[in-house]
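Participant: The structure is given below, and queries will be raised subsequently.
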Amino acid sequence: MPELPEVETYRLYLEGTSMHQRIENIEVEDPKLLTTTYAALTDALVGRMFTDTRRVGKNLFVMTDGAPIVHFHFGMTGDLAYYHNSLPRPRFARIVFGFAGGFSLGFLCPRKFERIGLVESIEAHLLRKKIGVDALDITPEVLFENLRRRKSPIKSVLLDQTTVAGIGNWIVDEVLFQAKVHPEKNAGTVTIGDAERLHAAIQKVLQTAIAREANYGQFPTDFIIHARQWGASPYAQADRHLQCPCGKAAVAQSRVGGRATYFCPLCQING
DNA sequence: CGCTATGTTGTTCC
DNA sequence: AGGAACAACATAGC
């Protein structure tokens with residue numbers, strides 16, 4: 001479920017498992033998962049090792065002791081699994097880095113929306129993809145300027161990675177709820193006060209999620225995320241709260257910018 | 001079977 | 001030109 005907190009969790013996982021081991025081989029089940037040719041990937045990485053990591057928004061960059069940098073994007077369902085070769089390969093491990101020493105790092109790609117490739121430099125990649133400032137680093141003033149010049153619903157603008165990098169569909173609903181902003185509010189009408197509340201909510205929601213290793217089921221009870229229907233999760237059906245934490249209204253469900261949207265019609269007035 | 005899905009990108013329209 | 005709207009991508013799970 002890779003929004004910023006998941007990618008941060010994966011980054012720490014990779015740091016804790018896969019560094020400083022010689023890469024002996026790379027298996028790729030489907031070349032569509034690569035933004036580089038398979039030959040370029042193996043030429044650049046076999047014999048090298050991972051040395052450092054950096055995350056910007058939902059993008060994970062892994063440095064090596066050679067020149068190229070590996071870029072991971074987790075799409076909607078990507079994950080990592082580090083395992084010993086005596087164990088069976090994890091399901092959906094469609095790309096596998098095999099290390100000297102008998103361990104492997106699997107890049108799990110259930111729906112093939114995930115991508116791995118080589119980039120010249122982090123800055124060049126961010127520029128080319130127009131990825132904005134990371135959500136944990138943006139200032140209220142920059143957020144305000146980036147919102148006020150747009151005309152779409154504020155939810156759509158916050159999801160745009162050029163506005164601010166790392167916010168996804170579940171987190172944006174939580175951020176808007178915590179900041180008491182209606183998801184369909186015209187982004188061009190935000191005040192500096194709105195931007196300051198949104199900024200504080202972004203920090204709060206992301207810090208909360210990262211501290212719980214992105215396990216949304218462990219969010220505080222005053223979060224609206226518990227109203228959301230989680231497709232496959234058993235937690236969803238059992239613990240779902242259809243009532244807003246304010247206790248005065250049922251959580252409303254709609255679509256904004258083509259995405260499933262949950263909000264409280266009392267707490268989040270479109271004004 | 002039919003419907004939904006965490007993200008991004010390409011196309012079309014304005 | 002540039003922004004907005006939305007379909008498309010590939011697949012799993014319910």
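Chain lettering (A, B, ...) mirrors the order of the structure tokens, residue numbering begins at 1 for each chain separately, and ligand numbering begins at 1 in order of display.
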Using only C-alpha atoms (C1' of nucleotides), find each residue of chain A with at least one atom at most 8 Å away from an atom of chain B; report its shortest atom-to-atom pair and that distance in Å (one decimal), sort the rows by chain and rising residue number, and return the result as CSV.
Facilitator:
residue,atom,partner,partner_atom,distance
A:Met1,CA,B:DT6,C1',4.6
A:Pro2,CA,B:DT6,C1',6.0
A:Glu3,CA,B:DT6,C1',6.8
A:Gly75,CA,B:DG7,C1',5.0
A:Met76,CA,B:DT6,C1',4.7
A:Thr77,CA,B:DT6,C1',6.7
A:Phe113,CA,B:DG7,C1',7.8
A:Gly168,CA,B:DT6,C1',7.0
A:Asn169,CA,B:DT6,C1',6.8
A:Trp170,CA,B:DT6,C1',7.2
A:Gly231,CA,B:DA5,C1',7.0
Participant: Could you list the residues in chain C lying within 8 Å of chain A, using only C-alpha atoms (C1' of nucleotides), and format the result as a PyMOL selection string?
Facilitator: chain C and resi 4-6+9-14
Participant: State, in Å with one decimal place, the distance from CA of Lys155 in chain A to CA of Ala124 in chain A.
Facilitator: 27.6 Å
Participant: Could you give me, as a tab-separated table (two decimals) with N, CA, C and O atoms, in the first residue's frame, each residue of range 235-267 of chain A that DSSP assigns to helix (DSSP H, G or I) when run on this structure's backbone?
Facilitator:
chain	number	residue	atom	x	y	z
A	235	TYR	N	-9.59	-6.86	8.50
A	235	TYR	CA	-9.76	-5.77	9.47
A	235	TYR	C	-10.89	-4.85	9.01
A	235	TYR	O	-11.70	-4.37	9.80
A	236	ALA	N	-10.95	-4.63	7.72
A	236	ALA	CA	-11.91	-3.68	7.16
A	236	ALA	C	-13.33	-4.03	7.57
A	236	ALA	O	-14.06	-3.22	8.11
A	237	GLN	N	-13.69	-5.23	7.30
A	237	GLN	CA	-15.08	-5.62	7.53
A	237	GLN	C	-15.39	-5.64	9.02
A	237	GLN	O	-16.44	-5.19	9.45
A	238	ALA	N	-14.45	-6.12	9.82
A	238	ALA	CA	-14.72	-6.29	11.24
A	238	ALA	C	-14.78	-4.96	12.00
A	238	ALA	O	-15.73	-4.70	12.73
A	239	ASP	N	-13.77	-4.12	11.80
A	239	ASP	CA	-13.61	-2.95	12.66
A	239	ASP	C	-14.04	-1.65	12.00
A	239	ASP	O	-13.71	-0.57	12.45
Participant: For the strand (DSSP E) assignment from backbone DSSP, which residues of range 10-74 of chain A qualify? Please present them as a ChimeraX atom specification.
Facilitator: /A:23-28,50-56,59-64,69-73
Participant: So the first atom is CA of Glu145 in chain A and the second is CA of Val133 in chain A; what is the distance between them in Å, to one decimal place?
Facilitator: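 If I compute the distance from CA of Glu145 in chain A to CA of Val133 in chain A, I get 12.6 Å.
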Participant: Near Cys244 in chain A, within 8 Å and counting only C-alpha atoms (C1' of nucleotides), which residues show up once chain neighbours fewer than 5 positions away are dropped, as a list in words?
Facilitator: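 Listing them by chain and then by number gives Ile224, Ala227, Ala249, Ala250, Val251 and Cys264 of chain A.
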Participant: Please save C-alpha atoms of the selected residues as a tab-separated table (two decimals), in the first residue's frame.
Facilitator:
chain	number	residue	atom	x	y	z
A	224	ILE	CA	-11.55	8.94	9.72
A	227	ALA	CA	-14.55	4.35	7.97
A	249	ALA	CA	-22.71	12.30	11.38
A	250	ALA	CA	-22.17	9.27	9.22
A	251	VAL	CA	-19.06	9.41	7.09
A	264	CYS	CA	-17.50	14.03	7.21
Participant: Which is closest to Pro183 in chain A among A:Val205, A:Ala260, A:Cys246, A:Leu136, if we use only C-alpha atoms?
Facilitator: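 Residue with the minimum atom-to-atom distance to Pro183 in chain A: A:Ala260.
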Participant: One decimal, in Å: what's the spacing between CA of Ala44 in chain A and CA of Tyr10 in chain A?
Facilitator: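 Computing it gives 22.6 Å between the two atoms.
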